[in-house]
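Okay, target-v9.csv now, which holds CSV, C-alpha atoms and all ligand atoms:
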```csv
chain,number,residue,atom,x,y,z
Z,1,MET,CA,13.3,22.2,-47.0
Z,2,LYS,CA,15.6,19.7,-45.3
Z,3,ARG,CA,13.7,16.8,-43.8
Z,4,LEU,CA,14.2,17.1,-40.1
Z,5,ARG,CA,11.4,14.8,-38.9
Z,6,LYS,CA,12.4,11.2,-39.2
Z,7,LYS,CA,9.0,9.6,-39.4
Z,8,LYS,CA,5.7,10.9,-40.6
Z,9,THR,CA,3.8,9.7,-37.5
Z,10,GLY,CA,4.4,7.6,-34.4
Z,11,VAL,CA,7.0,7.7,-31.7
Z,12,ASN,CA,10.1,9.5,-32.7
Z,13,ASP,CA,13.3,8.2,-31.3
Z,14,LEU,CA,15.0,11.5,-32.1
Z,15,VAL,CA,13.0,13.2,-29.4
Z,16,TRP,CA,14.6,16.4,-28.0
Z,17,VAL,CA,13.9,17.9,-24.7
Z,18,LEU,CA,13.8,21.7,-24.4
Z,19,ASP,CA,14.3,23.0,-20.9
Z,20,SER,CA,12.6,26.4,-20.2
Z,21,THR,CA,13.4,26.8,-16.5
Z,22,LEU,CA,15.3,30.0,-17.2
Z,23,ARG,CA,12.6,31.5,-19.5
Z,24,GLU,CA,9.1,30.0,-18.7
Z,25,GLY,CA,10.3,29.2,-15.2
Z,26,GLU,CA,11.2,32.8,-14.5
Z,27,GLN,CA,7.6,33.7,-15.4
Z,28,THR,CA,6.5,32.0,-12.2
Z,29,PRO,CA,5.1,34.8,-10.0
Z,30,GLY,CA,7.9,36.0,-7.7
Z,31,VAL,CA,10.7,33.9,-9.3
Z,32,TYR,CA,14.0,35.6,-10.3
Z,33,PHE,CA,17.3,33.8,-10.7
Z,34,ASP,CA,20.5,35.9,-10.4
Z,35,LYS,CA,22.9,35.7,-13.3
Z,36,HIS,CA,25.3,33.4,-11.4
Z,37,ILE,CA,22.4,31.1,-10.5
Z,38,LYS,CA,21.2,31.1,-14.1
Z,39,LEU,CA,24.7,30.0,-15.2
Z,40,ALA,CA,24.8,27.2,-12.5
Z,41,ILE,CA,21.3,26.0,-13.7
Z,42,ALA,CA,22.5,26.0,-17.3
Z,43,ALA,CA,25.7,24.1,-16.5
Z,44,LEU,CA,23.6,21.4,-14.8
Z,45,LEU,CA,21.2,21.2,-17.7
Z,46,ASP,CA,24.1,20.7,-20.0
Z,47,GLU,CA,25.5,17.9,-17.8
Z,48,ILE,CA,22.1,16.2,-17.8
Z,49,GLY,CA,22.3,16.3,-21.6
Z,50,ILE,CA,19.3,18.6,-22.3
Z,51,ASP,CA,19.1,19.2,-26.0
Z,52,ILE,CA,18.0,22.8,-26.0
Z,53,ILE,CA,18.3,25.3,-23.1
Z,54,GLU,CA,15.9,28.2,-23.6
Z,55,ALA,CA,17.9,30.7,-21.7
Z,56,GLY,CA,15.6,33.7,-21.8
Z,57,HIS,CA,14.1,36.6,-23.7
Z,58,PRO,CA,17.0,39.1,-24.0
Z,59,MET,CA,14.7,42.1,-24.8
Z,60,VAL,CA,13.0,41.8,-21.4
Z,61,THR,CA,15.8,43.2,-19.2
Z,62,THR,CA,19.5,43.9,-19.5
Z,63,GLU,CA,20.2,41.3,-16.8
Z,64,ILE,CA,18.5,38.6,-18.9
Z,65,HIS,CA,20.3,39.8,-22.0
Z,66,ALA,CA,23.7,39.5,-20.2
Z,67,ALA,CA,22.8,36.0,-18.8
Z,68,VAL,CA,21.6,34.7,-22.2
Z,69,LYS,CA,24.9,35.9,-23.8
Z,70,SER,CA,27.1,34.3,-21.1
Z,71,ILE,CA,25.3,31.0,-21.3
Z,72,ALA,CA,25.4,31.0,-25.2
Z,73,GLN,CA,29.1,31.6,-25.1
Z,74,LYS,CA,29.9,28.7,-22.7
Z,75,GLY,CA,30.4,26.2,-25.6
Z,76,TYR,CA,27.9,23.8,-24.2
Z,77,LYS,CA,26.9,20.6,-26.0
Z,78,SER,CA,23.3,21.7,-25.4
Z,79,ILE,CA,21.9,24.2,-28.0
Z,80,VAL,CA,21.3,27.5,-26.3
Z,81,GLY,CA,18.3,29.4,-27.3
Z,82,ALA,CA,16.5,32.8,-26.9
Z,83,HIS,CA,12.9,33.8,-27.0
Z,84,SER,CA,11.9,36.6,-29.4
Z,85,ARG,CA,8.8,38.5,-30.4
Z,86,SER,CA,8.2,38.7,-34.1
Z,87,LEU,CA,10.3,41.9,-34.3
Z,88,GLN,CA,13.6,42.6,-35.9
Z,89,SER,CA,14.9,44.4,-32.8
Z,90,ASP,CA,14.3,41.2,-30.7
Z,91,VAL,CA,16.0,39.1,-33.3
Z,92,ASP,CA,19.0,41.4,-33.5
Z,93,LEU,CA,19.5,41.3,-29.7
Z,94,ALA,CA,19.2,37.5,-29.6
Z,95,LEU,CA,21.7,37.1,-32.5
Z,96,GLU,CA,24.1,39.4,-30.7
Z,97,CYS,CA,24.1,37.0,-27.8
Z,98,GLY,CA,25.3,34.2,-30.1
Z,99,VAL,CA,22.4,31.8,-29.6
Z,100,GLY,CA,22.0,28.7,-31.8
Z,101,PHE,CA,18.2,28.6,-31.5
Z,102,LEU,CA,15.6,31.3,-31.7
Z,103,GLY,CA,12.0,30.9,-30.6
Z,104,ILE,CA,9.7,33.4,-32.4
Z,105,PHE,CA,6.1,33.7,-31.3
Z,106,TYR,CA,3.0,35.5,-32.6
Z,107,CYS,CA,-0.7,34.8,-32.3
Z,108,VAL,CA,-2.9,33.8,-35.2
Z,109,SER,CA,-6.4,33.7,-33.7
Z,110,ASP,CA,-8.8,36.1,-35.4
Z,111,GLU,CA,-10.1,37.4,-32.1
Z,112,ARG,CA,-6.6,38.2,-30.7
Z,113,LEU,CA,-5.4,39.7,-34.0
Z,114,SER,CA,-8.4,42.1,-34.2
Z,115,ASP,CA,-8.7,42.8,-30.4
Z,116,VAL,CA,-5.0,43.2,-29.5
Z,117,PHE,CA,-3.1,43.9,-32.7
Z,118,LYS,CA,-5.7,45.5,-34.9
Z,119,LYS,CA,-4.6,43.5,-37.9
Z,120,ASP,CA,-5.7,40.7,-40.2
Z,121,LEU,CA,-4.1,37.3,-40.6
Z,122,ASP,CA,-2.3,38.1,-43.9
Z,123,SER,CA,-0.5,41.1,-42.3
Z,124,ALA,CA,0.3,39.0,-39.2
Z,125,ILE,CA,1.8,36.3,-41.5
Z,126,LYS,CA,3.8,38.9,-43.4
Z,127,GLN,CA,5.3,40.2,-40.1
Z,128,ILE,CA,6.1,36.6,-39.0
Z,129,THR,CA,7.7,35.5,-42.3
Z,130,ASP,CA,9.7,38.8,-42.7
Z,131,VAL,CA,11.3,38.3,-39.3
Z,132,ILE,CA,12.0,34.6,-39.9
Z,133,SER,CA,13.6,35.3,-43.3
Z,134,TYR,CA,15.6,38.1,-41.7
Z,135,ALA,CA,16.9,35.9,-38.9
Z,136,LYS,CA,17.8,33.1,-41.3
Z,137,SER,CA,19.6,35.6,-43.6
Z,138,LYS,CA,21.8,36.7,-40.6
Z,139,ASN,CA,22.7,33.1,-39.6
Z,140,LYS,CA,21.7,30.2,-41.9
Z,141,ASN,CA,22.6,27.6,-39.2
Z,142,LEU,CA,20.3,29.2,-36.7
Z,143,LEU,CA,17.5,26.8,-35.6
Z,144,ILE,CA,14.2,28.8,-35.8
Z,145,ARG,CA,11.1,27.8,-34.1
Z,146,TYR,CA,7.8,29.5,-34.8
Z,147,THR,CA,5.0,29.3,-32.2
Z,148,PRO,CA,1.5,30.4,-33.0
Z,149,GLU,CA,0.5,31.5,-29.4
Z,150,ASP,CA,-2.4,29.6,-27.9
Z,151,THR,CA,-2.1,27.3,-30.9
Z,152,VAL,CA,-4.7,24.8,-29.9
Z,153,ARG,CA,-7.5,27.4,-29.3
Z,154,SER,CA,-6.8,29.3,-32.5
Z,155,GLN,CA,-8.6,28.6,-35.8
Z,156,PHE,CA,-6.9,25.5,-37.2
Z,157,GLU,CA,-6.8,26.8,-40.7
Z,158,ASN,CA,-5.0,30.0,-39.5
Z,159,VAL,CA,-2.4,27.8,-37.7
Z,160,VAL,CA,-1.8,25.7,-40.9
Z,161,GLN,CA,-1.5,28.8,-43.0
Z,162,ALA,CA,0.9,30.6,-40.6
Z,163,ALA,CA,2.9,27.5,-40.0
Z,164,SER,CA,3.3,26.7,-43.7
Z,165,ALA,CA,4.4,30.3,-44.4
Z,166,ALA,CA,6.8,30.2,-41.5
Z,167,VAL,CA,8.4,27.0,-42.8
Z,168,ASP,CA,8.6,28.4,-46.3
Z,169,ALA,CA,10.4,31.4,-44.9
Z,170,GLY,CA,12.9,29.3,-43.1
Z,171,ALA,CA,11.5,28.1,-39.8
Z,172,ASP,CA,12.8,24.6,-38.8
Z,173,ILE,CA,10.4,23.9,-36.0
Z,174,ILE,CA,6.7,24.6,-35.5
Z,175,SER,CA,5.6,24.5,-31.9
Z,176,VAL,CA,2.1,23.7,-30.8
Z,177,ALA,CA,1.4,25.6,-27.6
Z,178,ASP,CA,-1.3,24.6,-25.2
Z,179,THR,CA,-0.9,28.0,-23.5
Z,180,THR,CA,-3.9,27.6,-21.1
Z,181,GLY,CA,-3.6,23.8,-20.4
Z,182,TYR,CA,-6.8,23.3,-22.3
Z,183,MET,CA,-6.2,19.9,-23.9
Z,184,VAL,CA,-7.6,16.6,-22.5
Z,185,PRO,CA,-6.3,13.2,-23.7
Z,186,GLY,CA,-9.0,10.9,-25.2
Z,187,THR,CA,-11.5,13.7,-25.9
Z,188,ASP,CA,-12.2,16.0,-28.9
Z,189,ARG,CA,-9.4,18.2,-27.4
Z,190,SER,CA,-6.8,15.5,-27.7
Z,191,MET,CA,-3.2,16.6,-28.4
Z,192,TYR,CA,-2.7,13.3,-30.2
Z,193,ASN,CA,-5.3,14.2,-32.8
Z,194,TYR,CA,-4.2,17.8,-33.0
Z,195,ILE,CA,-0.6,16.9,-33.8
Z,196,SER,CA,-1.6,14.2,-36.2
Z,197,ARG,CA,-3.8,16.6,-38.1
Z,198,LEU,CA,-1.2,19.3,-38.3
Z,199,ILE,CA,1.5,16.9,-39.5
Z,200,GLU,CA,-0.9,15.6,-42.1
Z,201,GLU,CA,-1.8,19.1,-43.4
Z,202,LEU,CA,1.9,20.1,-43.5
Z,203,ASP,CA,2.8,16.8,-45.3
Z,204,LYS,CA,0.2,17.6,-48.0
Z,205,ARG,CA,2.1,20.8,-48.6
Z,206,ASN,CA,5.4,18.9,-48.7
Z,207,LEU,CA,6.5,20.7,-45.5
Z,208,HIS,CA,8.3,18.6,-42.9
Z,209,PRO,CA,9.4,20.7,-39.9
Z,210,ARG,CA,10.1,19.2,-36.6
Z,211,ILE,CA,7.0,19.6,-34.4
Z,212,ALA,CA,7.5,20.8,-30.8
Z,213,VAL,CA,5.0,20.9,-28.0
Z,214,HIS,CA,4.6,23.3,-25.1
Z,215,CYS,CA,2.0,22.0,-22.6
Z,216,HIS,CA,0.7,24.0,-19.6
Z,217,ASN,CA,-0.5,22.2,-16.6
Z,218,ASP,CA,-3.7,24.0,-15.6
Z,219,ARG,CA,-5.6,20.7,-15.5
Z,220,GLY,CA,-2.6,18.7,-14.2
Z,221,LEU,CA,-2.5,17.0,-17.7
Z,222,ALA,CA,0.7,18.7,-19.1
Z,223,LEU,CA,2.8,15.5,-19.1
Z,224,ALA,CA,0.0,13.3,-20.4
Z,225,ASN,CA,-0.6,15.8,-23.2
Z,226,ALA,CA,3.1,16.0,-24.0
Z,227,LEU,CA,3.3,12.2,-24.3
Z,228,ASP,CA,0.2,12.2,-26.4
Z,229,ALA,CA,1.9,14.7,-28.8
Z,230,TYR,CA,5.1,12.6,-28.8
Z,231,ARG,CA,3.1,9.5,-29.8
Z,232,ALA,CA,1.6,11.4,-32.7
Z,233,GLY,CA,5.0,12.5,-34.0
Z,234,ALA,CA,6.1,15.6,-32.0
Z,235,SER,CA,9.8,15.4,-31.5
Z,236,ILE,CA,10.6,18.3,-29.2
Z,237,ILE,CA,9.0,18.5,-25.7
Z,238,ASP,CA,9.2,21.6,-23.5
Z,239,ALA,CA,9.7,21.2,-19.8
Z,240,ALA,CA,11.0,23.0,-16.7
Z,241,ALA,CA,12.5,22.0,-13.4
Z,242,LEU,CA,9.7,21.7,-10.8
Z,243,GLY,CA,7.3,22.3,-13.7
Z,244,LEU,CA,7.8,26.0,-13.1
Z,245,GLY,CA,6.0,28.5,-15.3
Z,246,GLU,CA,3.0,30.8,-15.6
Z,247,ARG,CA,0.1,29.8,-13.3
Z,248,ALA,CA,0.3,26.1,-12.7
Z,249,GLY,CA,3.4,25.8,-14.9
Z,250,ILE,CA,4.4,23.4,-17.6
Z,251,VAL,CA,5.7,19.8,-17.9
Z,252,ASP,CA,8.0,18.8,-15.0
Z,253,LEU,CA,11.5,18.0,-16.4
Z,254,ALA,CA,12.4,15.2,-14.1
Z,255,GLN,CA,9.1,13.4,-14.7
Z,256,LEU,CA,9.4,13.8,-18.4
Z,257,LEU,CA,13.0,12.5,-18.6
Z,258,THR,CA,12.3,9.6,-16.3
Z,259,VAL,CA,9.3,8.5,-18.3
Z,260,LEU,CA,11.1,8.9,-21.7
Z,261,THR,CA,14.0,6.9,-20.3
Z,262,ILE,CA,12.2,4.1,-18.5
Z,263,ASP,CA,9.0,3.8,-20.5
Z,264,TYR,CA,10.0,4.9,-24.0
Z,265,SER,CA,13.6,3.5,-23.8
Z,266,VAL,CA,15.3,6.8,-24.9
Z,267,ASN,CA,18.6,6.6,-23.0
Z,268,ARG,CA,20.1,9.9,-23.5
Z,269,TRP,CA,20.1,11.8,-20.3
Z,270,ASN,CA,22.0,11.7,-17.0
Z,271,LEU,CA,19.2,11.4,-14.5
Z,272,SER,CA,21.5,11.3,-11.5
Z,273,LYS,CA,22.0,15.1,-11.8
Z,274,LEU,CA,18.3,15.9,-11.5
Z,275,VAL,CA,18.2,16.0,-7.7
Z,276,GLY,CA,21.1,18.5,-7.6
Z,277,LEU,CA,19.3,20.6,-10.2
Z,278,TYR,CA,16.0,20.5,-8.3
Z,279,ASP,CA,17.7,21.5,-5.0
Z,280,LEU,CA,19.3,24.5,-6.7
Z,281,VAL,CA,16.2,25.6,-8.5
Z,282,SER,CA,14.0,25.1,-5.4
Z,283,LYS,CA,16.4,27.1,-3.2
Z,284,HIS,CA,16.7,30.0,-5.5
Z,285,SER,CA,13.1,30.2,-6.8
Z,286,GLY,CA,11.7,29.9,-3.2
Z,287,ILE,CA,9.3,27.2,-4.5
Z,288,PRO,CA,9.6,24.1,-2.3
Z,289,ILE,CA,9.5,20.6,-3.9
Z,290,PRO,CA,6.3,19.0,-2.6
Z,291,ALA,CA,7.1,16.0,-0.4
Z,292,ASN,CA,4.9,13.8,-2.6
Z,293,PHE,CA,6.2,15.1,-5.9
Z,294,PRO,CA,7.0,12.2,-8.3
Z,295,ILE,CA,10.7,11.5,-8.9
Z,296,THR,CA,12.2,14.4,-6.9
Z,297,GLY,CA,9.9,14.7,-3.8
Z,298,LYS,CA,11.3,13.8,-0.4
Z,299,ASN,CA,8.7,10.9,-0.1
Z,300,ALA,CA,9.0,9.6,-3.7
Z,301,PHE,CA,10.9,6.5,-2.7
Z,302,THR,CA,10.0,6.3,1.0
Z,303,HIS,CA,7.9,3.3,2.2
Z,304,CYS,CA,5.9,3.8,5.3
Z,305,ALA,CA,2.8,1.6,6.0
Z,306,GLY,CA,3.8,-1.7,7.7
Z,307,VAL,CA,2.7,-4.1,5.0
Z,308,HIS,CA,4.4,-2.0,2.3
Z,309,THR,CA,7.7,-1.8,4.3
Z,310,HIS,CA,7.6,-5.5,5.0
Z,311,ALA,CA,7.0,-6.5,1.4
Z,312,ALA,CA,9.4,-3.8,0.0
Z,313,SER,CA,12.1,-5.0,2.4
Z,314,ILE,CA,11.9,-8.5,0.8
Z,315,ASN,CA,11.6,-7.2,-2.8
Z,316,PRO,CA,11.3,-3.4,-3.5
Z,317,MET,CA,9.4,-4.0,-6.7
Z,318,HIS,CA,6.4,-5.2,-4.7
Z,319,TYR,CA,5.7,-1.6,-4.0
Z,320,GLU,CA,7.8,0.3,-6.6
Z,321,SER,CA,7.6,0.6,-10.4
Z,322,LEU,CA,10.7,2.9,-10.6
Z,323,ASN,CA,14.1,2.0,-9.2
Z,324,PRO,CA,15.4,5.1,-7.3
Z,325,GLU,CA,19.0,4.1,-8.1
Z,326,ILE,CA,18.7,5.4,-11.7
Z,327,LEU,CA,18.2,8.8,-10.1
Z,328,GLY,CA,21.0,8.3,-7.6
Z,329,ARG,CA,18.5,8.4,-4.8
Z,330,PRO,CA,18.2,6.0,-1.9
Z,331,ARG,CA,15.2,3.9,-1.1
Z,332,THR,CA,14.1,4.8,2.4
Z,333,PHE,CA,11.7,3.6,5.1
Z,334,ALA,CA,9.9,5.8,7.4
Z,335,LEU,CA,8.2,4.8,10.6
Z,336,ASP,CA,5.1,6.4,12.0
Z,337,HIS,CA,1.7,5.5,13.6
Z,338,MET,CA,1.1,3.1,10.7
Z,339,SER,CA,4.2,1.0,11.4
Z,340,GLY,CA,4.0,-2.6,12.7
Z,341,ILE,CA,6.6,-4.8,14.4
Z,342,ALA,CA,7.8,-6.3,11.1
Z,343,SER,CA,8.8,-2.8,9.7
Z,344,LEU,CA,10.3,-1.9,13.0
Z,345,ARG,CA,12.5,-5.0,13.0
Z,346,TYR,CA,13.5,-4.3,9.5
Z,347,ALA,CA,14.5,-0.7,10.4
Z,348,LEU,CA,16.3,-1.9,13.5
Z,349,ASN,CA,18.3,-4.2,11.2
Z,350,LEU,CA,19.2,-1.3,9.0
Z,351,ILE,CA,20.7,0.6,11.9
Z,352,GLY,CA,22.6,-2.5,13.1
Z,353,GLU,CA,20.5,-2.9,16.3
Z,354,ASN,CA,20.1,-6.6,17.0
Z,355,SER,CA,20.2,-6.7,20.8
Z,356,LEU,CA,16.7,-5.6,21.7
Z,357,ASP,CA,14.4,-8.2,23.2
Z,358,ASP,CA,10.7,-8.3,22.4
Z,359,ALA,CA,9.6,-6.2,25.3
Z,360,HIS,CA,12.1,-3.4,24.4
Z,361,GLN,CA,11.1,-3.6,20.7
Z,362,HIS,CA,7.5,-3.1,21.9
Z,363,ASP,CA,8.5,-0.1,23.9
Z,364,VAL,CA,10.4,1.4,20.8
Z,365,LEU,CA,7.3,0.8,18.7
Z,366,CYS,CA,5.1,2.6,21.2
Z,367,GLU,CA,7.4,5.6,21.1
Z,368,VAL,CA,7.4,5.5,17.2
Z,369,LYS,CA,3.6,5.4,17.1
Z,370,SER,CA,3.4,8.2,19.6
Z,371,VAL,CA,5.7,10.4,17.4
Z,372,GLY,CA,3.6,9.4,14.4
Z,373,GLN,CA,0.4,10.4,16.0
Z,374,ARG,CA,1.8,13.9,16.4
Z,375,GLY,CA,2.1,14.1,12.5
Z,376,ARG,CA,5.8,13.3,12.1
Z,377,THR,CA,7.7,10.3,10.7
Z,378,VAL,CA,10.7,8.7,12.4
Z,379,ASP,CA,13.7,8.3,10.1
Z,380,LEU,CA,16.6,5.9,10.8
Z,381,ALA,CA,18.7,8.6,12.6
Z,382,GLU,CA,15.9,9.4,15.0
Z,383,LEU,CA,15.2,5.7,15.5
Z,384,THR,CA,18.7,5.3,16.9
Z,385,HIS,CA,17.9,8.0,19.6
Z,386,ILE,CA,14.7,6.3,20.5
Z,387,VAL,CA,16.4,2.9,20.9
Z,388,GLU,CA,19.1,4.5,23.2
Z,389,ALA,CA,16.4,6.1,25.3
Z,390,VAL,CA,14.4,2.9,25.6
Z,391,LYS,CA,17.5,0.9,26.5
Z,392,HIS,CA,18.3,3.3,29.3
Z,393,HIS,CA,14.7,3.4,30.4
Z,394,LYS,CA,14.4,7.1,29.7
Z,395,THR,CA,11.4,8.8,28.3
Z,396,TYR,CA,12.0,9.8,24.8
Z,397,ASN,CA,11.6,13.6,24.3
Z,398,SER,CA,10.9,14.2,20.6
B,1,ZN,ZN,4.3,28.8,-21.7
```
What does the file become when written as structure tokens?
Ligand SMILES: [Zn+2]
Amino acid sequence: MKRLRKKKTGVNDLVWVLDSTLREGEQTPGVYFDKHIKLAIAALLDEIGIDIIEAGHPMVTTEIHAAVKSIAQKGYKSIVGAHSRSLQSDVDLALECGVGFLGIFYCVSDERLSDVFKKDLDSAIKQITDVISYAKSKNKNLLIRYTPEDTVRSQFENVVQAASAAVDAGADIISVADTTGYMVPGTDRSMYNYISRLIEELDKRNLHPRIAVHCHNDRGLALANALDAYRAGASIIDAAALGLGERAGIVDLAQLLTVLTIDYSVNRWNLSKLVGLYDLVSKHSGIPIPANFPITGKNAFTHCAGVHTHAASINPMHYESLNPEILGRPRTFALDHMSGIASLRYALNLIGENSLDDAHQHDVLCEVKSVGQRGRTVDLAELTHIVEAVKHHKTYNS
């Protein structure tokens, strides 16, 4: 088995990001992307430099099959992948699309095997390894990932046994799935400990697959768990634009890429394309980007309270730990009922208004506070209108 993982443990500088907006993201209730939108999303993911684009599960519908095939044949730098049950028919359809990556999943927990599939672990492992060997025999360059579903809540010895057999059969990647967002950093459900233990067990068997991690966000800990896994030696992290996915979704792509770039010094992605991607995905998923969403939310780089605005106008780093320029976003200032005269003066300066005397500035601030008390903020364009109204002694009608 080729040694794909660079280091036994610790942060891996060969980290790959797998985007699953088109597969997991489409499992968000009510979300469906038309084929031309899927192609536009995939094109942006390729421009961002995403390592693996999980384009869909071709067996689900003929539309998904057609979209996966079109994306796989674009010749992107990103590796294009398909999802597949542990069935030869799913593998055949995925291979027919021309994908370079195949994600095969099958559960290994005793309870699910007996309740749902009416089979024991040995026959489950045989089904998994037969399908992996078959896929590899059809295309030896195909990257194969095996995921024991709900990995972290399955019996650990079952996971080790199935993962070892999968790697022996030709799987290149073992994915640890926190399917229900169950893990909590720093507790006995720590992803760091889980990944460390799994790597250790596989090392003992002289097996060195890449370890991937798929974290759901049920407790709001998906990104924290993914980074925990990364620190322990996982080198593929799944994410989706807006964190879309089943229930509360998975790791948010923009947050993951920003943290890996800024805080882990992995400079491989074009972050300036993220805003365009999020606008596209939000528009066509019908899921709005929350205003206070980190990185991509409308307010993520907007200063509001008077003391913040004043200090940030002198040096933005007083109230920012991320520079919006790396995302191609502007730093903005909003005025509302919290604003003071210093932030108003700063804003007036930004719109080139230097002719107001103190009394008029006071009148403008009163209008701004009045708008703010109605639950709105005043941006620079609206401030211009307020100034004009005050100058001409008109009542400002917001
Ligand atoms: Zn998932």
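Counting only C-alpha atoms, the residue from Z:Ile53, Z:Val184, Z:Val387, Z:Ala169 that sits nearest to Z:Asn354 is Z:Val387.
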| request: For ligand ZN 1 (chain B), collect every residue having any atom at a distance of at most 10 Å from a ligand atom (counting all atoms listed in the file); output as a PyMOL selection string. | output: chain Z and resi 20+23-25+27+149-150+177-181+214-217+238-239+244-247+249-251
| query | What is the distance, in Å and to one decimal place, between atom CA of Z:Ala82 and atom CA of Z:Val167? | reply | 18.8 Å
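Near Z:Glu157, within 10 Å and counting only C-alpha atoms, sit Val108, Ser109, Ser154, Gln155, Val159, Val160, Gln161, Ala162, Ala163, Leu198 and Glu201 of chain Z, not including residues fewer than 2 positions from it in the same chain.
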How about saving the chosen residues, C-alpha atoms kept, as a compact mmCIF listing (two decimals), keeping the file's coordinate frame?
```txt
# COMPACT_ATOMS: atom_id res chain seq x y z
CA VAL Z 108 -2.90 33.80 -35.20
CA SER Z 109 -6.40 33.70 -33.70
CA SER Z 154 -6.80 29.30 -32.50
CA GLN Z 155 -8.60 28.60 -35.80
CA VAL Z 159 -2.40 27.80 -37.70
CA VAL Z 160 -1.80 25.70 -40.90
CA GLN Z 161 -1.50 28.80 -43.00
CA ALA Z 162 0.90 30.60 -40.60
CA ALA Z 163 2.90 27.50 -40.00
CA LEU Z 198 -1.20 19.30 -38.30
CA GLU Z 201 -1.80 19.10 -43.40
```
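In this comparison, which uses all atoms listed in the file, the residue of Z:Ser235, Z:Asn349, Z:Asn141, Z:Gln255 approaching Z:Val15 most closely is Z:Ser235.
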| field | Distance query 12 Å from (15.1, 9.9, -22.5) using only C-alpha atoms, result as a ChimeraX atom specification | value | /Z:12-17,48-51,235-237,253-271
Reconstruct N, CA and C atoms of stretch 165-180 of chain Z from the incomplete input and present them as a CSV table (one decimal), keeping the file's coordinate frame.
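File written: rebuild_21.csv
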```
chain,number,residue,atom,x,y,z
Z,165,ALA,N,3.6,29.1,-44.0
Z,165,ALA,CA,4.4,30.3,-44.4
Z,165,ALA,C,5.7,30.4,-43.7
Z,166,ALA,N,5.6,30.1,-42.4
Z,166,ALA,CA,6.8,30.2,-41.5
Z,166,ALA,C,7.9,29.2,-42.0
Z,167,VAL,N,7.5,28.0,-42.3
Z,167,VAL,CA,8.4,27.0,-42.8
Z,167,VAL,C,9.0,27.4,-44.1
Z,168,ASP,N,8.1,27.9,-45.0
Z,168,ASP,CA,8.6,28.4,-46.3
Z,168,ASP,C,9.6,29.5,-46.1
Z,169,ALA,N,9.4,30.3,-45.1
Z,169,ALA,CA,10.4,31.4,-44.9
Z,169,ALA,C,11.7,31.0,-44.2
Z,170,GLY,N,11.7,29.7,-43.7
Z,170,GLY,CA,12.9,29.3,-43.1
Z,170,GLY,C,12.8,28.7,-41.7
Z,171,ALA,N,11.6,28.6,-41.1
Z,171,ALA,CA,11.5,28.1,-39.8
Z,171,ALA,C,11.7,26.6,-39.8
Z,172,ASP,N,12.5,26.0,-38.9
Z,172,ASP,CA,12.8,24.6,-38.8
Z,172,ASP,C,11.8,23.8,-37.9
Z,173,ILE,N,11.2,24.6,-37.0
Z,173,ILE,CA,10.4,23.9,-36.0
Z,173,ILE,C,9.1,24.7,-35.9
Z,174,ILE,N,8.0,23.9,-35.8
Z,174,ILE,CA,6.7,24.6,-35.5
Z,174,ILE,C,6.3,24.0,-34.1
Z,175,SER,N,6.0,25.0,-33.2
Z,175,SER,CA,5.6,24.5,-31.9
Z,175,SER,C,4.1,24.7,-31.7
Z,176,VAL,N,3.5,23.6,-31.1
Z,176,VAL,CA,2.1,23.7,-30.8
Z,176,VAL,C,2.0,24.0,-29.3
Z,177,ALA,N,1.5,25.2,-29.0
Z,177,ALA,CA,1.4,25.6,-27.6
Z,177,ALA,C,0.0,25.4,-27.1
Z,178,ASP,N,-0.1,24.7,-26.0
Z,178,ASP,CA,-1.3,24.6,-25.2
Z,178,ASP,C,-1.2,25.6,-24.1
Z,179,THR,N,-1.3,26.9,-24.4
Z,179,THR,CA,-0.9,28.0,-23.5
Z,179,THR,C,-1.8,28.0,-22.3
Z,180,THR,N,-3.0,27.5,-22.3
Z,180,THR,CA,-3.9,27.6,-21.1
Z,180,THR,C,-4.1,26.2,-20.5
```
